[in-house]
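Here is the structure we will look at.
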Amino acid sequence: MSVRPTYKKIASACGVNSSTVSRALNNHRSIPEATRKRIRSIAERMGWQPNPLASAYMAHLRSTHPPSFKASLAVVVDFPMPGGIDDLPGHVRRIYQGTERRAAEYGYRVHPFCLCEPDMTPARLDRTLFNRNIPGMIITGMSTPGKRLDPINWSRYAVVATGYSLLTPRLHRVANNVMHGFKLVIDKAFSMGYRRVGVAVSRSYDERTNHGVLFPASYIRTQLRPGQALETFIYDDHGPDAVPIVAEWLERVRPELAIGTYMLEAIQSLGWRIPEDIAFATFDVSQEYPDHAGLDQRHETIGRVAADVLINEITHNHRGIPRDPVEHTILGHWVDGQTAPSRRLPRRRAGGRS
């Protein structure tokens with residue numbers, strides 16, 4: 001059984017004092033990064049390993065004592081926010097809020113950095129984060145799938161991405177399990193008595209969700225019961241111009257329950273009543289529309305888990321593009337709402353009474 005080296009022995013081998021070893025092995029930012037790496041490398045060769053019991057004890061202390069300020073973290077957004085966080089799209093805003101609350105529990109503050117500002121480029125973002133001594137960032141997704149963030153010196157930061165719109169570089173990622181959510185919504189629709197379900201999404205939405213609509217739709221069609229139908233429509237335009245395209249498809253297909261992007265606007269443009277003429281469910285319920293039925297993608301939870309992953313990377317002094325990126329998926333759940341009432345008739349009690 002190997003004996004763990006003491007801080008004093010490690011300090012002697014490194015040519016520093018014991019307090020420097022302690023701070024370096026705990027990734028204290030008062031010790032230069034190069035020195036931390038050198039001390040950790042020597043300590044590991046001598047047989048030093050992090051103590052999981054000590055880590056658990058420190059986690060207990062953090063949960064029972066008010067956290068002291070450690071550092072600032074960046075939350076990178078790619079959507080305009082002229083009036084601040086409240087102007088962000090709902091899902092990005094909720095991710096930010098989840099990140100902010102979770103980071104505060106560990107003693108970190110978060111600051112938004114908007115790539116949409118006229119003078120903000122990836123290179124300037126890199127310089128700004130470095131000059132402000134920010135050790136890590138959460139990238140909440142790109143407004144355009146496939147957008148790149150070169151050039152950034154990734155080796156300076158711990159990085160976590162949310163969603164699937166940032167494809168390169170390959171980073172640790174936290175995202176909603178859209179395939180699970182899509183199947184959950186469709187299964188729920190059929191179980192509520194709807195026989196003909198229509199789904200229309202833009203091609204960019206399908207790409208942003210890692211094809212979480214098209215792939216499970218193909219499988220679901222192989223499992224449909226007699227009388228059930230699942231109609232899907234993928235369109236190229238993503239924006240207000242998509243409304244008449246979706247409306248035309250709705251008139252042609254006439255589903256009993258409609259789900260998808262710009263679906264609500266298309267239904268309203270046709271003058272149809274919800275749910276009398278057509279039922280409606282959304283892939284992303286929010287507090288702004290409390291009467292909507294659909295999938296809660298749990299964006300706040302995505303933000304909290306992203307903060308957990310990022311802070312863990314910072315604590316273990318992991319920087320740069322990971323060799324083995326890990327993906328954390330969050331399962332959504334169905335939310336009942338007035339826009340999609342159940343069509344199932346109540347079962348009759350014994351004796352013929354309902």
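So you can find residues: chains in the structure tokens are A, B, ... in the order shown, residues in each start at 1, and ligands are numbered from 1 in order.
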Using only C-alpha atoms, which protein or nucleic acid residues come within 10 Å of range 36-41 of chain A? Drop anything in the same chain fewer than 4 positions from it, and give the result as an mmCIF file with C-alpha atoms, in the first residue's frame.
```cif
data_model
loop_
_atom_site.group_PDB
_atom_site.id
_atom_site.type_symbol
_atom_site.label_atom_id
_atom_site.label_comp_id
_atom_site.auth_asym_id
_atom_site.auth_seq_id
_atom_site.Cartn_x
_atom_site.Cartn_y
_atom_site.Cartn_z
ATOM 1 C CA ILE A 10 6.033 17.722 -2.043
ATOM 2 C CA ALA A 11 7.167 21.243 -1.155
ATOM 3 C CA ALA A 13 10.683 18.308 -4.103
ATOM 4 C CA CYS A 14 9.237 21.401 -5.772
ATOM 5 C CA GLY A 15 11.408 23.954 -4.038
ATOM 6 C CA VAL A 16 8.499 25.883 -2.536
ATOM 7 C CA THR A 20 2.131 27.109 -1.853
ATOM 8 C CA VAL A 21 1.696 23.368 -2.412
ATOM 9 C CA SER A 22 -1.648 23.460 -0.603
ATOM 10 C CA ARG A 23 -2.938 26.338 -2.674
ATOM 11 C CA ALA A 24 -1.599 24.887 -5.927
ATOM 12 C CA LEU A 25 -3.177 21.459 -5.406
ATOM 13 C CA ASN A 26 -6.482 23.170 -4.607
ATOM 14 C CA ASN A 27 -6.258 25.243 -7.807
ATOM 15 C CA HIS A 28 -6.075 28.563 -5.975
ATOM 16 C CA ARG A 29 -5.771 31.345 -8.540
ATOM 17 C CA SER A 30 -3.191 33.180 -6.432
ATOM 18 C CA ILE A 31 -0.694 30.616 -7.760
ATOM 19 C CA PRO A 32 0.263 31.080 -11.439
ATOM 20 C CA ARG A 45 4.595 11.374 -9.696
ATOM 21 C CA MET A 46 5.219 11.125 -5.958
ATOM 22 C CA TRP A 48 -0.371 12.205 -4.482
ATOM 23 C CA GLN A 49 -4.074 11.896 -5.357
ATOM 24 C CA ASN A 317 -7.854 22.780 -13.259
#
```
Which is closer to Ala34 in chain A than all the others in A:Arg127, A:Arg156, A:His111, A:Lys8, using only C-alpha atoms? A:Arg156
Residues near Arg94 in chain A, anyone? I mean within 9 Å using only C-alpha atoms, not counting same-chain ones fewer than 2 positions away, as a PyMOL selection string. chain A and resi 89-92+96-99+298-303
Keeping only all heavy atoms, write the selected residues to a file as an mmCIF file, in the first residue's frame.
```cif
data_model
loop_
_atom_site.group_PDB
_atom_site.id
_atom_site.type_symbol
_atom_site.label_atom_id
_atom_site.label_comp_id
_atom_site.auth_asym_id
_atom_site.auth_seq_id
_atom_site.Cartn_x
_atom_site.Cartn_y
_atom_site.Cartn_z
ATOM 1 N N PRO A 89 -34.180 35.508 -25.740
ATOM 2 C CA PRO A 89 -35.228 34.499 -25.930
ATOM 3 C C PRO A 89 -35.445 33.728 -24.635
ATOM 4 O O PRO A 89 -34.503 33.540 -23.840
ATOM 5 C CB PRO A 89 -34.640 33.598 -27.029
ATOM 6 C CG PRO A 89 -33.672 34.459 -27.760
ATOM 7 C CD PRO A 89 -33.094 35.403 -26.735
ATOM 8 N N GLY A 90 -36.689 33.278 -24.429
ATOM 9 C CA GLY A 90 -37.046 32.661 -23.163
ATOM 10 C C GLY A 90 -36.135 31.541 -22.730
ATOM 11 O O GLY A 90 -35.729 31.462 -21.563
ATOM 12 N N HIS A 91 -35.767 30.650 -23.664
ATOM 13 C CA HIS A 91 -34.959 29.497 -23.258
ATOM 14 C C HIS A 91 -33.552 29.920 -22.846
ATOM 15 O O HIS A 91 -32.990 29.372 -21.886
ATOM 16 C CB HIS A 91 -34.903 28.461 -24.384
ATOM 17 C CG HIS A 91 -34.093 28.859 -25.580
ATOM 18 N ND1 HIS A 91 -34.533 29.785 -26.505
ATOM 19 C CD2 HIS A 91 -32.860 28.461 -26.001
ATOM 20 C CE1 HIS A 91 -33.613 29.936 -27.451
ATOM 21 N NE2 HIS A 91 -32.588 29.149 -27.167
ATOM 22 N N VAL A 92 -32.983 30.925 -23.536
ATOM 23 C CA VAL A 92 -31.647 31.408 -23.164
ATOM 24 C C VAL A 92 -31.704 32.123 -21.821
ATOM 25 O O VAL A 92 -30.818 31.955 -20.971
ATOM 26 C CB VAL A 92 -31.086 32.341 -24.252
ATOM 27 C CG1 VAL A 92 -29.702 32.843 -23.857
ATOM 28 C CG2 VAL A 92 -31.014 31.627 -25.592
ATOM 29 N N TYR A 96 -29.641 31.092 -18.434
ATOM 30 C CA TYR A 96 -28.809 32.062 -17.716
ATOM 31 C C TYR A 96 -29.206 32.118 -16.246
ATOM 32 O O TYR A 96 -28.352 32.109 -15.354
ATOM 33 C CB TYR A 96 -28.940 33.437 -18.358
ATOM 34 C CG TYR A 96 -28.091 34.492 -17.689
ATOM 35 C CD1 TYR A 96 -26.798 34.750 -18.139
ATOM 36 C CD2 TYR A 96 -28.573 35.218 -16.605
ATOM 37 C CE1 TYR A 96 -26.011 35.713 -17.519
ATOM 38 C CE2 TYR A 96 -27.797 36.173 -15.981
ATOM 39 C CZ TYR A 96 -26.517 36.418 -16.439
ATOM 40 O OH TYR A 96 -25.743 37.352 -15.808
ATOM 41 N N GLN A 97 -30.497 32.177 -15.984
ATOM 42 C CA GLN A 97 -30.955 32.292 -14.603
ATOM 43 C C GLN A 97 -30.605 31.052 -13.795
ATOM 44 O O GLN A 97 -30.208 31.147 -12.626
ATOM 45 C CB GLN A 97 -32.466 32.548 -14.579
ATOM 46 C CG GLN A 97 -32.844 33.923 -15.126
ATOM 47 C CD GLN A 97 -34.338 34.066 -15.391
ATOM 48 O OE1 GLN A 97 -35.075 33.080 -15.493
ATOM 49 N NE2 GLN A 97 -34.799 35.303 -15.489
ATOM 50 N N GLY A 98 -30.738 29.867 -14.417
ATOM 51 C CA GLY A 98 -30.351 28.644 -13.725
ATOM 52 C C GLY A 98 -28.861 28.620 -13.427
ATOM 53 O O GLY A 98 -28.432 28.205 -12.339
ATOM 54 N N THR A 99 -28.056 29.071 -14.386
ATOM 55 C CA THR A 99 -26.612 29.147 -14.187
ATOM 56 C C THR A 99 -26.270 30.113 -13.071
ATOM 57 O O THR A 99 -25.442 29.828 -12.198
ATOM 58 C CB THR A 99 -25.920 29.595 -15.487
ATOM 59 O OG1 THR A 99 -26.168 28.638 -16.522
ATOM 60 C CG2 THR A 99 -24.427 29.747 -15.285
ATOM 61 N N ARG A 298 -37.072 22.256 -19.357
ATOM 62 C CA ARG A 298 -36.339 22.433 -18.103
ATOM 63 C C ARG A 298 -35.023 23.183 -18.324
ATOM 64 O O ARG A 298 -33.942 22.724 -17.965
ATOM 65 C CB ARG A 298 -36.107 21.079 -17.438
ATOM 66 C CG ARG A 298 -37.406 20.308 -17.160
ATOM 67 C CD ARG A 298 -37.141 18.942 -16.605
ATOM 68 N NE ARG A 298 -36.517 19.031 -15.288
ATOM 69 C CZ ARG A 298 -35.797 18.025 -14.755
ATOM 70 N NH1 ARG A 298 -35.596 16.921 -15.442
ATOM 71 N NH2 ARG A 298 -35.267 18.167 -13.555
ATOM 72 N N HIS A 299 -35.147 24.351 -18.925
ATOM 73 C CA HIS A 299 -33.959 25.138 -19.237
ATOM 74 C C HIS A 299 -33.209 25.594 -17.978
ATOM 75 O O HIS A 299 -31.980 25.698 -17.995
ATOM 76 C CB HIS A 299 -34.350 26.354 -20.080
ATOM 77 C CG HIS A 299 -34.940 25.989 -21.409
ATOM 78 N ND1 HIS A 299 -34.221 25.351 -22.387
ATOM 79 C CD2 HIS A 299 -36.189 26.164 -21.915
ATOM 80 C CE1 HIS A 299 -34.988 25.155 -23.437
ATOM 81 N NE2 HIS A 299 -36.189 25.632 -23.173
ATOM 82 N N GLU A 300 -33.950 25.881 -16.901
ATOM 83 C CA GLU A 300 -33.270 26.266 -15.670
ATOM 84 C C GLU A 300 -32.362 25.146 -15.182
ATOM 85 O O GLU A 300 -31.244 25.387 -14.705
ATOM 86 C CB GLU A 300 -34.281 26.628 -14.580
ATOM 87 C CG GLU A 300 -35.070 27.900 -14.855
ATOM 88 C CD GLU A 300 -36.321 27.651 -15.698
ATOM 89 O OE1 GLU A 300 -36.482 26.512 -16.209
ATOM 90 O OE2 GLU A 300 -37.114 28.590 -15.851
ATOM 91 N N THR A 301 -32.851 23.900 -15.306
ATOM 92 C CA THR A 301 -32.037 22.752 -14.899
ATOM 93 C C THR A 301 -30.816 22.618 -15.788
ATOM 94 O O THR A 301 -29.719 22.288 -15.313
ATOM 95 C CB THR A 301 -32.870 21.463 -14.942
ATOM 96 O OG1 THR A 301 -33.992 21.590 -14.068
ATOM 97 C CG2 THR A 301 -32.046 20.252 -14.518
ATOM 98 N N ILE A 302 -30.980 22.873 -17.091
ATOM 99 C CA ILE A 302 -29.835 22.855 -17.992
ATOM 100 C C ILE A 302 -28.782 23.855 -17.518
ATOM 101 O O ILE A 302 -27.581 23.556 -17.484
ATOM 102 C CB ILE A 302 -30.279 23.170 -19.432
ATOM 103 C CG1 ILE A 302 -31.124 22.012 -19.984
ATOM 104 C CG2 ILE A 302 -29.081 23.439 -20.342
ATOM 105 C CD1 ILE A 302 -31.747 22.295 -21.334
ATOM 106 N N GLY A 303 -29.217 25.054 -17.129
ATOM 107 C CA GLY A 303 -28.285 26.057 -16.631
ATOM 108 C C GLY A 303 -27.591 25.625 -15.353
ATOM 109 O O GLY A 303 -26.381 25.834 -15.187
#
```
Of the candidates A:Gln338, A:Thr315, A:Ile234, A:Pro244, which one gets nearest to Glu276 in chain A if we count only C-alpha atoms? A:Gln338
